[in-house]
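Colleague: One file: protein00.csv (CSV, C-alpha atoms).
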chain,number,residue,atom,x,y,z
J,1073,MET,CA,-48.0,-14.3,-65.0
J,1074,GLU,CA,-47.5,-11.0,-67.0
J,1075,LYS,CA,-51.2,-10.3,-67.1
J,1076,GLN,CA,-51.4,-10.3,-63.3
J,1077,ILE,CA,-48.9,-7.4,-63.0
J,1078,PRO,CA,-50.6,-4.0,-63.6
J,1079,GLY,CA,-48.6,-1.9,-66.0
J,1080,TYR,CA,-46.2,-4.7,-67.0
J,1081,THR,CA,-46.5,-4.4,-70.8
J,1082,LEU,CA,-43.5,-6.3,-72.2
J,1083,GLY,CA,-44.4,-7.7,-75.6
J,1084,ARG,CA,-47.7,-5.7,-75.8
J,1085,PRO,CA,-48.6,-3.8,-78.9
J,1086,GLU,CA,-48.9,-0.5,-77.0
J,1087,VAL,CA,-45.2,-0.5,-76.3
J,1088,ALA,CA,-43.5,1.8,-78.8
J,1089,ARG,CA,-40.5,0.8,-80.9
J,1090,SER,CA,-37.1,1.5,-79.2
J,1091,PRO,CA,-35.2,4.3,-80.9
J,1092,VAL,CA,-32.1,2.1,-80.3
J,1093,SER,CA,-31.7,-0.7,-82.9
J,1094,LEU,CA,-30.7,-4.2,-82.1
J,1095,ALA,CA,-27.5,-3.5,-84.1
J,1096,ASP,CA,-26.8,-0.5,-81.9
J,1097,PHE,CA,-27.4,-2.6,-78.8
J,1098,GLU,CA,-25.0,-5.2,-80.1
J,1099,ARG,CA,-22.3,-2.5,-80.2
J,1100,ILE,CA,-23.0,-1.3,-76.7
J,1101,LYS,CA,-22.8,-5.0,-75.6
J,1102,ASN,CA,-19.3,-5.0,-77.1
J,1103,SER,CA,-18.3,-1.9,-75.2
J,1104,VAL,CA,-19.3,-3.4,-71.9
J,1105,LEU,CA,-17.6,-6.7,-72.8
J,1106,PHE,CA,-20.8,-8.7,-72.7
J,1107,THR,CA,-20.2,-12.2,-74.0
J,1108,ALA,CA,-22.0,-15.5,-74.5
J,1109,ALA,CA,-20.6,-16.6,-71.1
J,1110,ASP,CA,-22.4,-13.6,-69.5
J,1111,LEU,CA,-25.7,-14.6,-71.1
J,1112,GLU,CA,-25.2,-18.1,-69.8
J,1113,ALA,CA,-24.4,-16.8,-66.3
J,1114,LEU,CA,-27.6,-14.6,-66.4
J,1115,HIS,CA,-29.7,-17.6,-67.4
J,1116,GLN,CA,-28.1,-19.6,-64.6
J,1117,SER,CA,-29.1,-16.9,-62.1
J,1118,GLU,CA,-32.8,-17.2,-63.0
J,1119,ALA,CA,-33.3,-20.4,-61.0
J,1120,VAL,CA,-31.1,-18.9,-58.2
J,1121,VAL,CA,-33.1,-15.8,-57.7
J,1122,ALA,CA,-36.6,-17.1,-58.6
J,1123,ASP,CA,-37.6,-18.0,-55.0
J,1124,GLN,CA,-35.7,-15.1,-53.4
J,1125,VAL,CA,-37.3,-12.2,-55.2
J,1126,GLU,CA,-39.2,-10.8,-52.3
J,1127,ALA,CA,-36.2,-11.1,-50.0
J,1128,ILE,CA,-34.1,-9.2,-52.6
J,1129,LEU,CA,-36.7,-6.5,-52.9
J,1130,ASP,CA,-36.8,-6.1,-49.1
J,1131,VAL,CA,-33.1,-5.3,-49.2
J,1132,TRP,CA,-33.4,-2.9,-52.2
J,1133,TYR,CA,-36.5,-1.2,-50.8
J,1134,GLY,CA,-34.8,-0.8,-47.5
J,1135,PHE,CA,-31.9,0.9,-49.2
J,1136,VAL,CA,-34.1,3.3,-51.1
J,1137,ALA,CA,-36.1,4.1,-48.0
J,1138,SER,CA,-32.9,4.9,-46.1
J,1139,GLN,CA,-31.7,7.4,-48.8
J,1140,PRO,CA,-33.8,10.6,-48.9
J,1141,GLN,CA,-32.6,11.5,-52.4
J,1142,LEU,CA,-33.9,8.1,-53.7
J,1143,LEU,CA,-37.1,8.0,-51.7
J,1144,SER,CA,-38.1,11.4,-53.1
J,1145,SER,CA,-38.8,9.8,-56.5
J,1146,PHE,CA,-41.6,7.8,-54.7
J,1147,SER,CA,-42.8,10.8,-52.7
J,1148,SER,CA,-45.3,13.6,-53.2
J,1149,PRO,CA,-44.0,17.1,-53.8
J,1150,SER,CA,-44.4,17.7,-50.0
J,1151,GLY,CA,-42.2,14.8,-49.3
J,1152,GLN,CA,-44.7,12.1,-48.3
J,1153,PRO,CA,-43.8,8.6,-49.5
J,1154,GLN,CA,-46.6,7.1,-51.7
J,1155,ALA,CA,-47.2,3.6,-50.3
J,1156,GLU,CA,-49.5,2.5,-53.1
J,1157,TYR,CA,-47.0,3.7,-55.8
J,1158,LEU,CA,-44.1,1.9,-54.0
J,1159,ALA,CA,-46.2,-1.3,-53.9
J,1160,ALA,CA,-47.3,-1.1,-57.5
J,1161,VAL,CA,-43.7,-0.6,-58.7
J,1162,ARG,CA,-42.6,-3.4,-56.5
J,1163,LYS,CA,-44.6,-5.9,-58.5
J,1164,ARG,CA,-43.0,-4.9,-61.7
J,1165,PHE,CA,-39.6,-4.7,-60.0
J,1166,ALA,CA,-40.0,-8.4,-59.0
J,1167,ARG,CA,-40.7,-9.3,-62.6
J,1168,TRP,CA,-37.7,-7.2,-63.7
J,1169,ILE,CA,-35.5,-9.4,-61.6
J,1170,ILE,CA,-36.7,-12.5,-63.5
J,1171,ASP,CA,-36.5,-10.7,-66.9
J,1172,THR,CA,-33.0,-9.5,-66.2
J,1173,ALA,CA,-31.9,-13.1,-65.4
J,1174,HIS,CA,-33.9,-14.4,-68.4
J,1175,ALA,CA,-32.0,-12.0,-70.6
J,1176,ASP,CA,-34.1,-12.2,-73.7
J,1177,TYR,CA,-32.4,-9.5,-75.7
J,1178,GLY,CA,-34.9,-9.5,-78.5
J,1179,GLN,CA,-36.9,-6.6,-80.1
J,1180,ALA,CA,-39.7,-6.8,-77.6
J,1181,TRP,CA,-37.3,-6.7,-74.7
J,1182,LEU,CA,-35.4,-3.8,-76.3
J,1183,ASP,CA,-38.7,-1.9,-76.8
J,1184,TYR,CA,-39.7,-2.4,-73.2
J,1185,GLN,CA,-36.3,-1.0,-71.9
J,1186,HIS,CA,-37.3,2.2,-73.7
J,1187,GLU,CA,-40.7,2.1,-72.0
J,1188,ILE,CA,-39.0,1.7,-68.6
J,1189,GLY,CA,-36.8,4.7,-69.4
J,1190,LEU,CA,-39.9,6.8,-70.3
J,1191,ARG,CA,-41.4,5.8,-67.0
J,1192,HIS,CA,-38.4,7.1,-65.1
J,1193,TYR,CA,-38.4,10.2,-67.2
J,1194,ARG,CA,-41.0,13.1,-67.3
J,1195,ALA,CA,-42.7,11.5,-70.3
J,1196,LYS,CA,-44.4,8.7,-68.4
J,1197,LYS,CA,-43.4,9.1,-64.7
J,1198,ASN,CA,-46.4,8.3,-62.4
J,1199,LEU,CA,-48.6,7.6,-65.4
J,1200,THR,CA,-48.8,3.8,-65.2
J,1201,ASP,CA,-49.8,3.9,-61.5
J,1202,SER,CA,-51.7,7.2,-61.5
J,1203,ALA,CA,-49.2,8.2,-58.8
J,1204,ARG,CA,-48.7,11.7,-57.5
J,1205,ALA,CA,-45.0,11.5,-56.9
J,1206,SER,CA,-42.1,13.6,-58.2
J,1207,ALA,CA,-42.1,14.4,-61.9
J,1208,ILE,CA,-38.9,12.6,-62.8
J,1209,VAL,CA,-36.3,10.2,-61.4
J,1210,PRO,CA,-33.2,12.5,-61.6
J,1211,PHE,CA,-30.5,11.2,-64.0
J,1212,ARG,CA,-27.8,11.6,-61.3
J,1213,ASP,CA,-28.8,8.5,-59.4
J,1214,LEU,CA,-29.6,6.1,-62.2
J,1215,PHE,CA,-26.1,4.7,-62.7
J,1216,ALA,CA,-25.0,5.2,-59.1
J,1217,LEU,CA,-27.7,2.6,-58.2
J,1218,VAL,CA,-26.1,-0.1,-60.3
J,1219,PHE,CA,-23.6,-0.6,-57.5
J,1220,PRO,CA,-25.8,-1.1,-54.5
J,1221,VAL,CA,-28.4,-3.1,-56.5
J,1222,THR,CA,-25.8,-5.6,-57.7
J,1223,ILE,CA,-23.6,-5.8,-54.6
J,1224,THR,CA,-26.6,-6.6,-52.4
J,1225,LEU,CA,-27.7,-9.2,-54.9
J,1226,LYS,CA,-24.4,-11.1,-54.6
J,1227,PRO,CA,-25.2,-12.9,-51.3
J,1228,PHE,CA,-28.4,-14.1,-52.8
J,1229,LEU,CA,-26.5,-15.5,-55.8
J,1230,ALA,CA,-24.4,-17.4,-53.4
J,1231,ASN,CA,-27.4,-19.0,-51.6
J,1232,LYS,CA,-27.8,-22.0,-53.8
J,1233,GLY,CA,-24.6,-23.8,-53.5
J,1234,HIS,CA,-22.7,-22.5,-56.6
J,1235,SER,CA,-18.9,-22.2,-56.5
J,1236,PRO,CA,-17.4,-18.8,-55.8
J,1237,ALA,CA,-16.3,-18.6,-59.4
J,1238,GLN,CA,-19.9,-19.3,-60.6
J,1239,VAL,CA,-21.3,-16.7,-58.2
J,1240,GLU,CA,-18.7,-14.2,-59.4
J,1241,ALA,CA,-19.7,-15.0,-63.0
J,1242,MET,CA,-23.4,-14.4,-62.3
J,1243,TYR,CA,-22.6,-11.2,-60.4
J,1244,THR,CA,-20.4,-9.8,-63.2
J,1245,ALA,CA,-23.1,-10.6,-65.8
J,1246,TRP,CA,-25.6,-8.8,-63.6
J,1247,VAL,CA,-23.4,-5.7,-63.4
J,1248,LYS,CA,-23.0,-5.7,-67.2
J,1249,SER,CA,-26.7,-6.2,-67.7
J,1250,CYS,CA,-27.6,-3.4,-65.4
J,1251,LEU,CA,-25.1,-1.0,-67.1
J,1252,LEU,CA,-26.7,-2.0,-70.5
J,1253,GLN,CA,-30.2,-1.6,-69.3
J,1254,VAL,CA,-29.7,1.8,-67.5
J,1255,THR,CA,-27.9,3.0,-70.7
J,1256,LEU,CA,-31.1,2.2,-72.6
J,1257,TRP,CA,-33.3,3.7,-69.9
J,1258,SER,CA,-31.3,7.0,-70.2
J,1259,TYR,CA,-32.4,7.6,-73.8
J,1260,PRO,CA,-35.2,10.0,-73.0
J,1261,TYR,CA,-32.9,12.1,-70.7
J,1262,ILE,CA,-30.3,12.7,-73.5
J,1263,LYS,CA,-30.4,15.6,-75.8
J,1264,ASP,CA,-31.6,14.8,-79.3
J,1265,GLY,CA,-28.9,13.2,-81.4
J,1266,ASP,CA,-26.4,12.8,-78.6
J,1267,PHE,CA,-27.2,9.2,-77.5
W,376,MET,CA,3.8,17.9,-63.3
W,377,GLU,CA,0.5,19.4,-64.4
W,378,LYS,CA,2.1,22.1,-66.4
W,379,GLN,CA,3.8,19.5,-68.6
W,380,ILE,CA,0.5,18.0,-69.7
W,381,PRO,CA,-1.1,20.1,-72.5
W,382,GLY,CA,-4.7,20.8,-71.8
W,383,TYR,CA,-4.6,19.5,-68.2
W,384,THR,CA,-6.3,22.3,-66.4
W,385,LEU,CA,-7.4,21.0,-63.0
W,386,GLY,CA,-7.3,23.9,-60.6
W,387,ARG,CA,-6.8,26.5,-63.3
W,388,PRO,CA,-8.9,29.7,-63.3
W,389,GLU,CA,-10.2,29.0,-66.8
W,390,VAL,CA,-12.1,26.0,-65.6
W,391,ALA,CA,-15.8,26.9,-65.1
W,392,ARG,CA,-17.7,26.2,-61.9
W,393,SER,CA,-19.5,22.8,-62.0
W,394,PRO,CA,-23.3,23.0,-62.2
W,395,VAL,CA,-23.3,20.2,-59.7
W,396,SER,CA,-22.7,21.4,-56.1
W,397,LEU,CA,-20.6,19.6,-53.6
W,398,ALA,CA,-23.8,18.9,-51.6
W,399,ASP,CA,-25.3,17.3,-54.7
W,400,PHE,CA,-22.2,15.2,-55.2
W,401,GLU,CA,-22.4,14.1,-51.6
W,402,ARG,CA,-25.9,12.7,-52.2
W,403,ILE,CA,-24.7,10.9,-55.4
W,404,LYS,CA,-21.9,9.4,-53.3
W,405,ASN,CA,-24.6,8.1,-50.9
W,406,SER,CA,-26.5,6.6,-53.8
W,407,VAL,CA,-23.4,4.6,-55.0
W,408,LEU,CA,-22.6,3.6,-51.4
W,409,PHE,CA,-19.3,5.4,-51.4
W,410,THR,CA,-17.8,5.4,-47.9
W,411,ALA,CA,-14.7,6.5,-46.0
W,412,ALA,CA,-13.3,3.0,-46.6
W,413,ASP,CA,-13.6,3.5,-50.4
W,414,LEU,CA,-11.7,6.8,-50.1
W,415,GLU,CA,-9.0,5.0,-48.2
W,416,ALA,CA,-8.8,2.2,-50.7
W,417,LEU,CA,-8.5,4.7,-53.6
W,418,HIS,CA,-5.7,6.4,-51.8
W,419,GLN,CA,-4.0,3.1,-51.2
W,420,SER,CA,-4.3,2.4,-54.9
W,421,GLU,CA,-2.3,5.5,-55.9
W,422,ALA,CA,1.1,4.0,-54.9
W,423,VAL,CA,0.0,0.7,-56.6
W,424,VAL,CA,-0.8,2.2,-60.0
W,425,ALA,CA,1.8,5.0,-60.0
W,426,ASP,CA,4.5,3.0,-61.8
W,427,GLN,CA,2.1,0.9,-63.9
W,428,VAL,CA,0.3,3.8,-65.6
W,429,GLU,CA,1.7,3.2,-69.1
W,430,ALA,CA,1.1,-0.5,-69.0
W,431,ILE,CA,-2.5,0.1,-67.9
W,432,LEU,CA,-3.0,2.6,-70.7
W,433,ASP,CA,-1.6,0.0,-73.2
W,434,VAL,CA,-4.4,-2.3,-72.2
W,435,TRP,CA,-7.1,0.4,-72.4
W,436,TYR,CA,-5.9,1.7,-75.7
W,437,GLY,CA,-5.7,-1.8,-77.0
W,438,PHE,CA,-9.3,-2.3,-76.1
W,439,VAL,CA,-10.5,1.0,-77.6
W,440,ALA,CA,-8.5,0.2,-80.8
W,441,SER,CA,-10.2,-3.2,-81.0
W,442,GLN,CA,-13.7,-1.7,-80.9
W,443,PRO,CA,-14.7,0.3,-84.0
W,444,GLN,CA,-17.6,2.1,-82.1
W,445,LEU,CA,-15.0,3.4,-79.6
W,446,LEU,CA,-12.2,4.1,-81.9
W,447,SER,CA,-14.6,6.3,-84.0
W,448,SER,CA,-14.5,9.0,-81.3
W,449,PHE,CA,-10.8,9.3,-82.1
W,450,SER,CA,-11.2,9.1,-85.8
W,451,SER,CA,-11.9,11.6,-88.6
W,452,PRO,CA,-15.3,11.7,-90.3
W,453,SER,CA,-13.9,9.4,-92.9
W,454,GLY,CA,-12.8,6.9,-90.3
W,455,GLN,CA,-9.1,7.6,-90.0
W,456,PRO,CA,-7.8,7.2,-86.4
W,457,GLN,CA,-6.0,10.5,-85.4
W,458,ALA,CA,-2.7,9.4,-83.9
W,459,GLU,CA,-1.8,12.8,-82.5
W,460,TYR,CA,-5.2,13.2,-80.8
W,461,LEU,CA,-4.9,9.7,-79.3
W,462,ALA,CA,-1.4,10.6,-78.0
W,463,ALA,CA,-2.5,13.9,-76.6
W,464,VAL,CA,-5.4,12.4,-74.8
W,465,ARG,CA,-3.2,9.6,-73.5
W,466,LYS,CA,-1.1,12.1,-71.5
W,467,ARG,CA,-4.2,13.4,-69.7
W,468,PHE,CA,-5.6,9.9,-69.3
W,469,ALA,CA,-2.3,8.9,-67.5
W,470,ARG,CA,-2.9,11.8,-65.1
W,471,TRP,CA,-6.5,10.8,-64.7
W,472,ILE,CA,-5.4,7.5,-63.3
W,473,ILE,CA,-3.4,9.2,-60.6
W,474,ASP,CA,-6.2,11.8,-59.9
W,475,THR,CA,-8.8,9.0,-59.6
W,476,ALA,CA,-6.6,7.2,-57.1
W,477,HIS,CA,-5.8,10.5,-55.3
W,478,ALA,CA,-9.5,11.2,-54.9
W,479,ASP,CA,-9.4,14.8,-54.0
W,480,TYR,CA,-13.2,15.4,-54.1
W,481,GLY,CA,-13.0,19.2,-53.6
W,482,GLN,CA,-14.4,22.0,-55.6
W,483,ALA,CA,-11.5,22.2,-58.1
W,484,TRP,CA,-11.8,18.4,-58.7
W,485,LEU,CA,-15.6,18.7,-59.2
W,486,ASP,CA,-15.2,21.6,-61.6
W,487,TYR,CA,-12.7,19.6,-63.6
W,488,GLN,CA,-15.1,16.7,-63.9
W,489,HIS,CA,-17.5,19.0,-65.6
W,490,GLU,CA,-14.7,20.2,-67.9
W,491,ILE,CA,-14.0,16.5,-68.8
W,492,GLY,CA,-17.7,16.1,-69.6
W,493,LEU,CA,-17.6,19.1,-71.9
W,494,ARG,CA,-14.6,17.7,-73.7
W,495,HIS,CA,-16.5,14.4,-74.4
W,496,TYR,CA,-19.5,16.4,-75.5
W,497,ARG,CA,-20.0,18.6,-78.5
W,498,ALA,CA,-19.3,21.7,-76.5
W,499,LYS,CA,-15.5,21.1,-76.3
W,500,LYS,CA,-14.8,17.9,-78.2
W,501,ASN,CA,-11.6,18.2,-80.2
W,502,LEU,CA,-11.0,21.8,-79.0
W,503,THR,CA,-8.2,21.1,-76.4
W,504,ASP,CA,-6.1,19.2,-78.9
W,505,SER,CA,-7.2,21.0,-82.1
W,506,ALA,CA,-8.3,17.5,-83.3
W,507,ARG,CA,-10.4,16.8,-86.4
W,508,ALA,CA,-12.2,13.8,-84.9
W,509,SER,CA,-15.9,13.0,-84.4
W,510,ALA,CA,-18.0,15.8,-83.0
W,511,ILE,CA,-19.1,13.9,-79.8
W,512,VAL,CA,-18.4,10.8,-77.8
W,513,PRO,CA,-21.8,9.2,-78.0
W,514,PHE,CA,-23.5,8.8,-74.6
W,515,ARG,CA,-24.3,5.1,-75.2
W,516,ASP,CA,-20.7,4.0,-74.5
W,517,LEU,CA,-19.8,6.2,-71.6
W,518,PHE,CA,-21.1,3.9,-68.8
W,519,ALA,CA,-20.5,0.7,-70.6
W,520,LEU,CA,-16.8,1.5,-70.5
W,521,VAL,CA,-16.8,1.5,-66.7
W,522,PHE,CA,-16.7,-2.3,-66.8
W,523,PRO,CA,-13.8,-2.9,-69.1
W,524,VAL,CA,-11.8,-0.1,-67.6
W,525,THR,CA,-12.1,-1.4,-64.1
W,526,ILE,CA,-11.9,-5.1,-64.7
W,527,THR,CA,-8.7,-4.7,-66.7
W,528,LEU,CA,-7.3,-2.6,-63.9
W,529,LYS,CA,-7.8,-5.3,-61.3
W,530,PRO,CA,-4.7,-7.4,-62.2
W,531,PHE,CA,-2.6,-4.3,-61.9
W,532,LEU,CA,-4.1,-3.6,-58.4
W,533,ALA,CA,-3.0,-7.1,-57.5
W,534,ASN,CA,0.6,-6.6,-58.6
W,535,LYS,CA,2.1,-5.1,-55.4
W,536,GLY,CA,1.5,-7.9,-52.9
W,537,HIS,CA,-1.8,-6.8,-51.4
W,538,SER,CA,-4.2,-9.3,-50.0
W,539,PRO,CA,-7.1,-10.4,-52.1
W,540,ALA,CA,-9.4,-8.5,-49.8
W,541,GLN,CA,-7.4,-5.3,-50.2
W,542,VAL,CA,-7.3,-5.8,-54.0
W,543,GLU,CA,-11.1,-6.3,-54.0
W,544,ALA,CA,-11.5,-3.1,-51.8
W,545,MET,CA,-9.4,-1.0,-54.2
W,546,TYR,CA,-11.3,-2.5,-57.2
W,547,THR,CA,-14.7,-1.8,-55.7
W,548,ALA,CA,-13.7,1.8,-54.9
W,549,TRP,CA,-12.5,2.3,-58.4
W,550,VAL,CA,-15.9,1.0,-59.8
W,551,LYS,CA,-17.7,3.5,-57.6
W,552,SER,CA,-15.4,6.3,-58.4
W,553,CYS,CA,-15.9,5.7,-62.1
W,554,LEU,CA,-19.7,5.6,-61.8
W,555,LEU,CA,-19.5,8.9,-59.9
W,556,GLN,CA,-17.2,10.5,-62.4
W,557,VAL,CA,-19.0,9.4,-65.5
W,558,THR,CA,-22.3,10.6,-63.9
W,559,LEU,CA,-20.7,14.0,-63.6
W,560,TRP,CA,-19.3,13.8,-67.1
W,561,SER,CA,-22.8,13.1,-68.4
W,562,TYR,CA,-24.1,16.5,-67.3
W,563,PRO,CA,-23.8,18.2,-70.7
W,564,TYR,CA,-25.6,15.4,-72.4
W,565,ILE,CA,-28.7,15.6,-70.2
W,566,LYS,CA,-31.7,17.8,-71.1
W,567,ASP,CA,-31.9,21.0,-69.1
W,568,GLY,CA,-33.3,20.4,-65.6
W,569,ASP,CA,-33.2,16.6,-65.8
W,570,PHE,CA,-29.8,15.9,-64.2
Once you've parsed the file, please lay out its structure as structure tokens.
Modeller:
Amino acid sequence: MEKQIPGYTLGRPEVARSPVSLADFERIKNSVLFTAADLEALHQSEAVVADQVEAILDVWYGFVASQPQLLSSFSSPSGQPQAEYLAAVRKRFARWIIDTAHADYGQAWLDYQHEIGLRHYRAKKNLTDSARASAIVPFRDLFALVFPVTITLKPFLANKGHSPAQVEAMYTAWVKSCLLQVTLWSYPYIKDGDF
Amino acid sequence: MEKQIPGYTLGRPEVARSPVSLADFERIKNSVLFTAADLEALHQSEAVVADQVEAILDVWYGFVASQPQLLSSFSSPSGQPQAEYLAAVRKRFARWIIDTAHADYGQAWLDYQHEIGLRHYRAKKNLTDSARASAIVPFRDLFALVFPVTITLKPFLANKGHSPAQVEAMYTAWVKSCLLQVTLWSYPYIKDGDF
């Protein structure tokens, strides 16, 4: 599956080593109260979201399109949304949903989080897709998006007959996972030595 | 009340102007889906938390004390927790609970968020309390803490007889508010021009 998604390089040799160690990541997991039960809930969510990925992305893309400050990251300097760029990112975004649920928190996954961060940051923005969009996704919106992304996911988590408690557990695990991931993505934005 | 809390300077002339404008903040509020209903829910929570502040802080301080990577921000370079520093911060932390519920999102509030950021960052860490603790609160834990802080607040929000829907609304508004505030606090950590 991976080979069919342009620019999806998780586990590939060209992905650089994350500057955050697995031991560091373990401590951040403690700070966000991420437990074995969260891992289980994420894994449970994989089968739940697997056949709803496109519907989920419709909601998320609709939200981004409705917010000028978000759409600008996919737009040319003159403000024209880049349809090809939006479409190329969407394929990896679909895979990100599965990867988030799969929650393989190993070294290759950790390295790829850093790669995702670089692709939001000036270092690699636009590069993967040869896009001509804004030079950076501004930091200010990165964590704000955790809320709309997860709250709009919640109805999808409830679509497969799980109990309210199970849905809540999956939702909570997703919130923690997103906080963890966006923290890792932030690395390139942070002044040297301050992460 | 403010004058009785050492180092609490919201609204004081010595607080510098925030580099983030109210218009910028408005856009970040849109990104986190912060609405008039959230403002109302935060305001409703003020009376709920007002007489529970010390009990809430007991829980939060207990969590920080249980996590070495968090306690280290309150500890000397040799790892000794600084009791006076913890106590001094606690008084402002108590006021922060009220201010978060009060949700006065005006210029003075915005300026003070930047001041809070500077006090987490190298620029002003330890300065307010003449503490001899670590030189910086590392970025990595800032957003991770949004989860434990808000999830442990939830039972307190339910302590005053509100309906589950009202409790959920207050909780959700707190999550959004914390994401907004920590985003503002992050400003000094971010490379110039990348916020």
Colleague: Which residues of chain J are close to chain W, meaning at most 10 Å apart when you count all atoms listed in the file, and how do they look as a VMD selection string?
Modeller: chain J and resid 1092 1096 to 1097 1099 to 1106 1135 to 1136 1139 to 1142 1193 to 1194 1207 to 1221 1223 1244 1247 to 1252 1254 to 1256 1258 to 1267
Colleague: At a cut-off of 12 Å, using only C-alpha atoms, what residues contact J:Ala1137? Leave out same-chain residues fewer than 3 positions from it and give the result as a list in words.
Modeller: Leu1129, Asp1130, Val1131, Trp1132, Tyr1133, Gly1134, Pro1140, Gln1141, Leu1142, Leu1143, Ser1144, Ser1145, Phe1146, Ser1147, Gln1152, Pro1153, Gln1154, Ala1155 and Leu1158 of chain J; Ser406 of chain W
Colleague: Could you write out that same residue set with C-alpha atoms as a CSV table (one decimal), in the coordinates of the input?
Modeller:
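For reference, again-v9.csv as written:
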chain,number,residue,atom,x,y,z
J,1129,LEU,CA,-36.7,-6.5,-52.9
J,1130,ASP,CA,-36.8,-6.1,-49.1
J,1131,VAL,CA,-33.1,-5.3,-49.2
J,1132,TRP,CA,-33.4,-2.9,-52.2
J,1133,TYR,CA,-36.5,-1.2,-50.8
J,1134,GLY,CA,-34.8,-0.8,-47.5
J,1140,PRO,CA,-33.8,10.6,-48.9
J,1141,GLN,CA,-32.6,11.5,-52.4
J,1142,LEU,CA,-33.9,8.1,-53.7
J,1143,LEU,CA,-37.1,8.0,-51.7
J,1144,SER,CA,-38.1,11.4,-53.1
J,1145,SER,CA,-38.8,9.8,-56.5
J,1146,PHE,CA,-41.6,7.8,-54.7
J,1147,SER,CA,-42.8,10.8,-52.7
J,1152,GLN,CA,-44.7,12.1,-48.3
J,1153,PRO,CA,-43.8,8.6,-49.5
J,1154,GLN,CA,-46.6,7.1,-51.7
J,1155,ALA,CA,-47.2,3.6,-50.3
J,1158,LEU,CA,-44.1,1.9,-54.0
W,406,SER,CA,-26.5,6.6,-53.8
Colleague: Here is a test: counting all atoms listed in the file, which residue of J:Gly1079, J:Ile1169, J:Gln1179, J:Phe1228 is nearest to J:Leu1114?
Modeller: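 Checking each of J:Gly1079, J:Ile1169, J:Gln1179, J:Phe1228 against J:Leu1114, counting all atoms listed in the file, the winner is J:Ile1169.
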Colleague: Quick one: everything within 10 Å of W:Ala463, counting all atoms listed in the file, minus sequence neighbours fewer than 6 positions away in the same chain. Send it as an NGL selection string.
Modeller: :W and (380-382 or 503-504 or 506)
Colleague: Expressed in Å to a single decimal, how great is the separation between atom CA of J:His1115 and atom CA of J:Ile1170?
Modeller: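 Separation between atom CA of J:His1115 and atom CA of J:Ile1170: 9.5 Å.
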Colleague: So what do you get for atom CA of J:Ala1237 versus atom CA of W:Glu421, distance-wise?
Modeller: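 We find that atom CA of J:Ala1237 and atom CA of W:Glu421 lie 28.1 Å from each other.
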Colleague: For the point (-23.9, -18.1, -65.7) in file coordinates, what residues are within 10 Å, counting only C-alpha atoms? Give the answer as a PyMOL selection string?
Modeller: chain J and resi 1108-1118+1173+1237-1246
Colleague: Kindly give the distance, in Å, that separates atom CA of W:Asp486 and atom CA of W:Asn501, rounded to a single decimal.
Modeller: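 Atom-to-atom, atom CA of W:Asp486 and atom CA of W:Asn501 are spaced 19.2 Å apart.
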Colleague: Which residues come within 8 Å of W:Glu490, counting all atoms listed in the file, excluding same-chain residues fewer than 4 positions away, as a ChimeraX atom specification?
Modeller: /W:390-391,486,494,560
Colleague: Write out the residues from the selection above, keeping C-alpha atoms, as an mmCIF file, in the frame of the given file.
Modeller:
data_model
loop_
_atom_site.group_PDB
_atom_site.id
_atom_site.type_symbol
_atom_site.label_atom_id
_atom_site.label_comp_id
_atom_site.auth_asym_id
_atom_site.auth_seq_id
_atom_site.Cartn_x
_atom_site.Cartn_y
_atom_site.Cartn_z
ATOM 1 C CA VAL W 390 -12.100 26.000 -65.600
ATOM 2 C CA ALA W 391 -15.800 26.900 -65.100
ATOM 3 C CA ASP W 486 -15.200 21.600 -61.600
ATOM 4 C CA ARG W 494 -14.600 17.700 -73.700
ATOM 5 C CA TRP W 560 -19.300 13.800 -67.100
#
Colleague: Nearest residue to J:Asp1171 out of J:Ser1148, J:Ser1235, J:Ser1206, J:Gln1185, using all atoms listed in the file?
Modeller: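 Looking only at the distances to J:Asp1171, the closest residue turns out to be J:Gln1185.
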